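Below: the structure, in structure tokens.
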Amino acid sequence: MAKKGNNEGSIYKDTKGRWRGVVTLPSADGKVKKKYFYGKSKKEVSEKVNVLLNEMKNNTYIEPCKTTLYNWLYTWLETYCKNNIRPTTYINYETYIHRHIKDSIGGIKLCDLSSITIQQFYNEKLKNGKLSGTGGLSPKTMKNLHNMLHKALNQAVSLNMLAKNPSDFTVIPKNTKREMRFFTVEEQKKLQDLLSDKPLDMAILLDLYTGMRQGELLGLKWENVHIDLSGSSYIKVVQTINRIKNYDEGSDKKTILTVSEPKTSNSKRTIPILPEIAEKLYNYRLSQEKYIAENSFLNTEYVFISSVGTMVDPRDFQRYFKNLLKKHDIREINVHGLRHTFATRALESGMSVKTLSKILGHSNVGFTLDTYTHVTEDLKSEAILGMENFLK
């Protein structure tokens, strides 16, 4: 077999009959370094060799034992994630990498990274991981951090930078269930009696009867609202708004509002609305159009707008909702509790879990069942009691 120079590769069968590929790596110190690949077929090995040759040709090859975990995560985030994930997810990943990993296990070389090192990192973050210094990260945040690290290391394995993913063998804490907070029927009635035709009041009412997420609700446009006072009315959820970090260095604003598609394909959905709610929406739109005409606002596309005609900031909506509850002595829950209230009333009214799951935009029915166990358990007990008639 002829000797290969830098940026060249060869493929052959070794003495054991296995297909082997070898590439001579570029070297600045004159030492000969080679990278080997193995596979069940010549084609499989050839593909691996060609990937490496192309990386060397394009100057994108990274030698694992010269690359730290932090440097790889930074490269992975900017190269493989930036244009393929939601802005909010990108910011979360950026925080995990720069604020949690960089100064802890970030300096470890990829080839020296072990499962026990990652496990010890997880254990410490669970105990003292909050950036505020007031305790550990929640199980949910730990799961998200692990998922990101696992994806990045899987990519490294695919690029032959690692033989196996060390995070495969770690244990992360189970996500403990948070207390589900929602309004009782009496609290909901008291709240509804307070609501007027003001934009934020209408937003609260609509959320109580659609279960939309806050970003979906405030990002709703009139073009996605179908009102038929003599027939069926519905809302199409096609976008959401979020407040994210501002990367414009010339701006004095730390965060900005952005509009994006919903997180998953299941989140894009159609939600039927009750005739009474449709009528209230119709009258609300008439009053909004009058208000816009009188104030010469240009932005007329959003269902809920601020006093200056812009889309409503989630922080302002949260503040308004909290103050409304406090002022009228209604038990305080967060805005997301409106969604939980809708789901609870829907199940109590006899809606099937499968239908509710689609309306809420959940990924599967199992998630809905797990989330609303407090209702489904009560309904099961009532259903069993209904069988008494067969004993009489």
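Chain lettering (A, B, ...) mirrors the order of the structure tokens, residue numbering begins at 1 for each chain separately, and ligand numbering begins at 1 in order of display.
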Closest atom pairs, residues of stretch 70-162 of chain A within 6 Å of stretch 170-188 of chain A, only C-alpha atoms, as a tab-separated table:
residue	atom	partner	partner_atom	distance
A:Gln119	CA	A:Thr170	CA	5.6
A:Pro139	CA	A:Asn175	CA	4.8
A:Lys140	CA	A:Asn175	CA	5.6
Find the spatial neighbours of A:Glu78, counting only C-alpha atoms, within a cut-off of 12 Å - ignore same-chain residues fewer than 3 positions away - and output them as a list in words.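 In the requested form, the answer reads Asn71, Trp72, Leu73, Tyr74, Thr75, Cys81, Lys82, Asn83, Asn84, Ile85, Tyr90, Ile91, Tyr93, Glu94, Ile97 and Ala152 of chain A.
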Dump as a PDB file, in the first residue's frame, selection limited to N, CA and C atoms:
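As written to disk, selection-v3.pdb reads:
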ATOM      1  N   ASN A  71     -14.950  24.748  24.286  1.00  0.00           N
ATOM      2  CA  ASN A  71     -14.714  25.155  22.897  1.00  0.00           C
ATOM      3  C   ASN A  71     -15.597  24.373  21.933  1.00  0.00           C
ATOM      4  N   TRP A  72     -15.770  23.070  22.229  1.00  0.00           N
ATOM      5  CA  TRP A  72     -16.629  22.273  21.358  1.00  0.00           C
ATOM      6  C   TRP A  72     -18.084  22.715  21.466  1.00  0.00           C
ATOM      7  N   LEU A  73     -18.566  22.963  22.694  1.00  0.00           N
ATOM      8  CA  LEU A  73     -19.955  23.385  22.876  1.00  0.00           C
ATOM      9  C   LEU A  73     -20.219  24.719  22.185  1.00  0.00           C
ATOM     10  N   TYR A  74     -19.248  25.620  22.271  1.00  0.00           N
ATOM     11  CA  TYR A  74     -19.391  26.918  21.596  1.00  0.00           C
ATOM     12  C   TYR A  74     -19.474  26.726  20.085  1.00  0.00           C
ATOM     13  N   THR A  75     -18.581  25.872  19.547  1.00  0.00           N
ATOM     14  CA  THR A  75     -18.597  25.583  18.105  1.00  0.00           C
ATOM     15  C   THR A  75     -19.900  24.918  17.706  1.00  0.00           C
ATOM     16  N   CYS A  81     -26.554  24.681  15.775  1.00  0.00           N
ATOM     17  CA  CYS A  81     -27.809  25.038  16.454  1.00  0.00           C
ATOM     18  C   CYS A  81     -28.404  26.383  16.059  1.00  0.00           C
ATOM     19  N   LYS A  82     -27.560  27.363  15.856  1.00  0.00           N
ATOM     20  CA  LYS A  82     -28.016  28.745  15.762  1.00  0.00           C
ATOM     21  C   LYS A  82     -29.160  28.946  14.777  1.00  0.00           C
ATOM     22  N   ASN A  83     -29.095  28.277  13.635  1.00  0.00           N
ATOM     23  CA  ASN A  83     -30.123  28.481  12.614  1.00  0.00           C
ATOM     24  C   ASN A  83     -31.183  27.387  12.618  1.00  0.00           C
ATOM     25  N   ASN A  84     -31.120  26.501  13.614  1.00  0.00           N
ATOM     26  CA  ASN A  84     -32.035  25.360  13.614  1.00  0.00           C
ATOM     27  C   ASN A  84     -32.874  25.224  14.878  1.00  0.00           C
ATOM     28  N   ILE A  85     -32.713  26.137  15.822  1.00  0.00           N
ATOM     29  CA  ILE A  85     -33.510  26.076  17.043  1.00  0.00           C
ATOM     30  C   ILE A  85     -34.179  27.423  17.299  1.00  0.00           C
ATOM     31  N   TYR A  90     -32.032  28.788  22.011  1.00  0.00           N
ATOM     32  CA  TYR A  90     -30.645  29.218  21.804  1.00  0.00           C
ATOM     33  C   TYR A  90     -30.125  29.961  23.035  1.00  0.00           C
ATOM     34  N   ILE A  91     -30.941  30.840  23.579  1.00  0.00           N
ATOM     35  CA  ILE A  91     -30.526  31.617  24.750  1.00  0.00           C
ATOM     36  C   ILE A  91     -30.332  30.709  25.962  1.00  0.00           C
ATOM     37  N   TYR A  93     -29.467  27.513  25.863  1.00  0.00           N
ATOM     38  CA  TYR A  93     -28.224  26.780  25.615  1.00  0.00           C
ATOM     39  C   TYR A  93     -27.018  27.666  25.883  1.00  0.00           C
ATOM     40  N   GLU A  94     -27.098  28.902  25.444  1.00  0.00           N
ATOM     41  CA  GLU A  94     -25.999  29.846  25.632  1.00  0.00           C
ATOM     42  C   GLU A  94     -25.720  30.042  27.125  1.00  0.00           C
ATOM     43  N   ILE A  97     -24.030  26.919  28.605  1.00  0.00           N
ATOM     44  CA  ILE A  97     -22.628  26.795  28.179  1.00  0.00           C
ATOM     45  C   ILE A  97     -21.728  27.840  28.835  1.00  0.00           C
ATOM     46  N   ALA A 152     -24.979  17.674  22.127  1.00  0.00           N
ATOM     47  CA  ALA A 152     -23.678  18.175  21.667  1.00  0.00           C
ATOM     48  C   ALA A 152     -22.644  17.060  21.623  1.00  0.00           C
TER      49      ALA A 152
END
Polymer residues at most 10 Å from stretch 362-366 of chain A, only C-alpha atoms, same-chain spacing of 4 or more positions, as a PDB file with N, CA and C atoms, in the first residue's frame:
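Output (result_28.pdb):
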ATOM      1  N   THR A 264     -43.527  23.385  18.823  1.00  0.00           N
ATOM      2  CA  THR A 264     -43.645  22.096  18.135  1.00  0.00           C
ATOM      3  C   THR A 264     -44.764  22.137  17.110  1.00  0.00           C
ATOM      4  N   SER A 265     -44.815  21.123  16.262  1.00  0.00           N
ATOM      5  CA  SER A 265     -45.875  21.039  15.252  1.00  0.00           C
ATOM      6  C   SER A 265     -47.239  20.864  15.917  1.00  0.00           C
ATOM      7  N   ASN A 266     -47.270  20.209  17.077  1.00  0.00           N
ATOM      8  CA  ASN A 266     -48.538  20.032  17.799  1.00  0.00           C
ATOM      9  C   ASN A 266     -49.075  21.359  18.331  1.00  0.00           C
ATOM     10  N   SER A 267     -48.171  22.317  18.545  1.00  0.00           N
ATOM     11  CA  SER A 267     -48.607  23.614  19.066  1.00  0.00           C
ATOM     12  C   SER A 267     -49.357  24.427  18.014  1.00  0.00           C
ATOM     13  N   VAL A 353     -59.899  13.370  27.144  1.00  0.00           N
ATOM     14  CA  VAL A 353     -58.505  13.775  27.331  1.00  0.00           C
ATOM     15  C   VAL A 353     -57.822  13.950  25.977  1.00  0.00           C
ATOM     16  N   LYS A 354     -58.167  13.098  25.012  1.00  0.00           N
ATOM     17  CA  LYS A 354     -57.564  13.185  23.679  1.00  0.00           C
ATOM     18  C   LYS A 354     -57.900  14.514  23.011  1.00  0.00           C
ATOM     19  N   THR A 355     -59.167  14.932  23.119  1.00  0.00           N
ATOM     20  CA  THR A 355     -59.579  16.214  22.529  1.00  0.00           C
ATOM     21  C   THR A 355     -58.895  17.371  23.228  1.00  0.00           C
ATOM     22  N   LEU A 356     -58.862  17.316  24.554  1.00  0.00           N
ATOM     23  CA  LEU A 356     -58.215  18.382  25.331  1.00  0.00           C
ATOM     24  C   LEU A 356     -56.745  18.483  24.965  1.00  0.00           C
ATOM     25  N   SER A 357     -56.085  17.338  24.800  1.00  0.00           N
ATOM     26  CA  SER A 357     -54.662  17.321  24.464  1.00  0.00           C
ATOM     27  C   SER A 357     -54.392  18.068  23.159  1.00  0.00           C
ATOM     28  N   LYS A 358     -55.276  17.872  22.177  1.00  0.00           N
ATOM     29  CA  LYS A 358     -55.117  18.557  20.886  1.00  0.00           C
ATOM     30  C   LYS A 358     -55.373  20.055  21.022  1.00  0.00           C
ATOM     31  N   ASP A 370     -50.873  13.000  32.611  1.00  0.00           N
ATOM     32  CA  ASP A 370     -49.930  13.161  33.712  1.00  0.00           C
ATOM     33  C   ASP A 370     -50.045  14.547  34.327  1.00  0.00           C
ATOM     34  N   THR A 371     -50.287  15.553  33.476  1.00  0.00           N
ATOM     35  CA  THR A 371     -50.366  16.932  33.955  1.00  0.00           C
ATOM     36  C   THR A 371     -51.625  17.178  34.770  1.00  0.00           C
TER      37      THR A 371
END
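Going from atom CA of A:Asn123 over to atom CA of A:Arg86, you cover 28.2 Å.
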Using only C-alpha atoms, which residues sit within 10 Å of stretch 284-290 of chain A once same-chain residues fewer than 5 positions away are excluded, as a ChimeraX atom specification? /A:196-199,202,222,278-279,295-297,300,303-305
Generate a file of the selected residues that holds C-alpha atoms, formatted as a JSON list (two decimals), in the first residue's frame.
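Final file, again31.json:
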[["chain", "number", "residue", "atom", "x", "y", "z"],
["A", 196, "SER", "CA", -64.73, 44.45, 30.88],
["A", 197, "ASP", "CA", -64.10, 44.99, 27.18],
["A", 198, "LYS", "CA", -60.59, 46.33, 27.82],
["A", 199, "PRO", "CA", -57.82, 44.53, 25.84],
["A", 202, "MET", "CA", -60.58, 40.31, 27.01],
["A", 222, "TRP", "CA", -57.04, 39.01, 13.70],
["A", 278, "ALA", "CA", -67.18, 34.74, 19.70],
["A", 279, "GLU", "CA", -69.82, 37.44, 20.20],
["A", 295, "ASN", "CA", -55.92, 57.56, 17.62],
["A", 296, "SER", "CA", -54.42, 57.01, 14.16],
["A", 297, "PHE", "CA", -52.67, 53.78, 15.12],
["A", 300, "THR", "CA", -54.16, 46.91, 13.59],
["A", 303, "VAL", "CA", -55.98, 41.16, 18.69],
["A", 304, "PHE", "CA", -54.55, 42.62, 21.89],
["A", 305, "ILE", "CA", -52.66, 45.91, 21.67]]
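Take the candidates A:Thr60, A:Ser158, A:Thr24, A:Thr88 and check each one against A:Glu47 using only C-alpha atoms; the shortest distance goes to A:Ser158.
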Just the residues within 10 Å of A:Leu113, please, counting only C-alpha atoms, with nothing from its chain fewer than 2 positions along; format it as a PyMOL selection string. chain A and resi 68-69+105-111+115-118+162+165-167
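For A:Ile11, the set of protein, DNA and RNA residues having any atom at most 12 Å away, when counting only C-alpha atoms and skipping those fewer than 6 positions along the same chain, is Met1, Ala2, Lys4, Arg18, Trp19, Arg20, Gly21, Val22, Val23, Lys35, Tyr36, Phe37, Tyr38, Gly39, Ser41, Lys42, Lys43, Glu44, Val45, Ser46, Glu47, Lys48, Val49 and Asn50 of chain A.
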When you draw a straight line from atom CA of A:Leu338 to atom CA of A:Gln318, how long is it in Å?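 Atom CA of A:Gln318 lies 11.5 Å from atom CA of A:Leu338.
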Show me, as an MDAnalysis selection string, the residues that have an atom within 10 Å of A:Glu301 when counting only C-alpha atoms, minus same-chain residues fewer than 3 positions from it. chainID A and resid 219:224 298 304:305 309:311
Go ahead and dump the residues you just picked, C-alpha atoms, as a PDB file, in the first residue's frame.
ATOM      1  CA  GLY A 219     -49.163  36.960  19.560  1.00  0.00           C
ATOM      2  CA  LEU A 220     -52.651  36.328  18.150  1.00  0.00           C
ATOM      3  CA  LYS A 221     -53.562  38.273  15.001  1.00  0.00           C
ATOM      4  CA  TRP A 222     -57.037  39.014  13.702  1.00  0.00           C
ATOM      5  CA  GLU A 223     -56.275  37.172  10.462  1.00  0.00           C
ATOM      6  CA  ASN A 224     -56.158  33.978  12.516  1.00  0.00           C
ATOM      7  CA  LEU A 298     -50.952  51.954  12.280  1.00  0.00           C
ATOM      8  CA  PHE A 304     -54.548  42.615  21.894  1.00  0.00           C
ATOM      9  CA  ILE A 305     -52.658  45.907  21.666  1.00  0.00           C
ATOM     10  CA  GLY A 309     -50.890  50.378  19.389  1.00  0.00           C
ATOM     11  CA  THR A 310     -48.060  47.870  19.872  1.00  0.00           C
ATOM     12  CA  MET A 311     -48.375  44.217  20.843  1.00  0.00           C
TER      13      MET A 311
END
In Å, how far is it from atom CA of A:His98 to atom CA of A:Tyr70? 8.1 Å
Could you pull out the alpha helix (DSSP H) residues of stretch 85-287 of chain A, going by DSSP on the backbone, and write them as a PyMOL selection string? chain A and resi 87-95+115-128+139-158+185-194+199-208+214-218+275-287
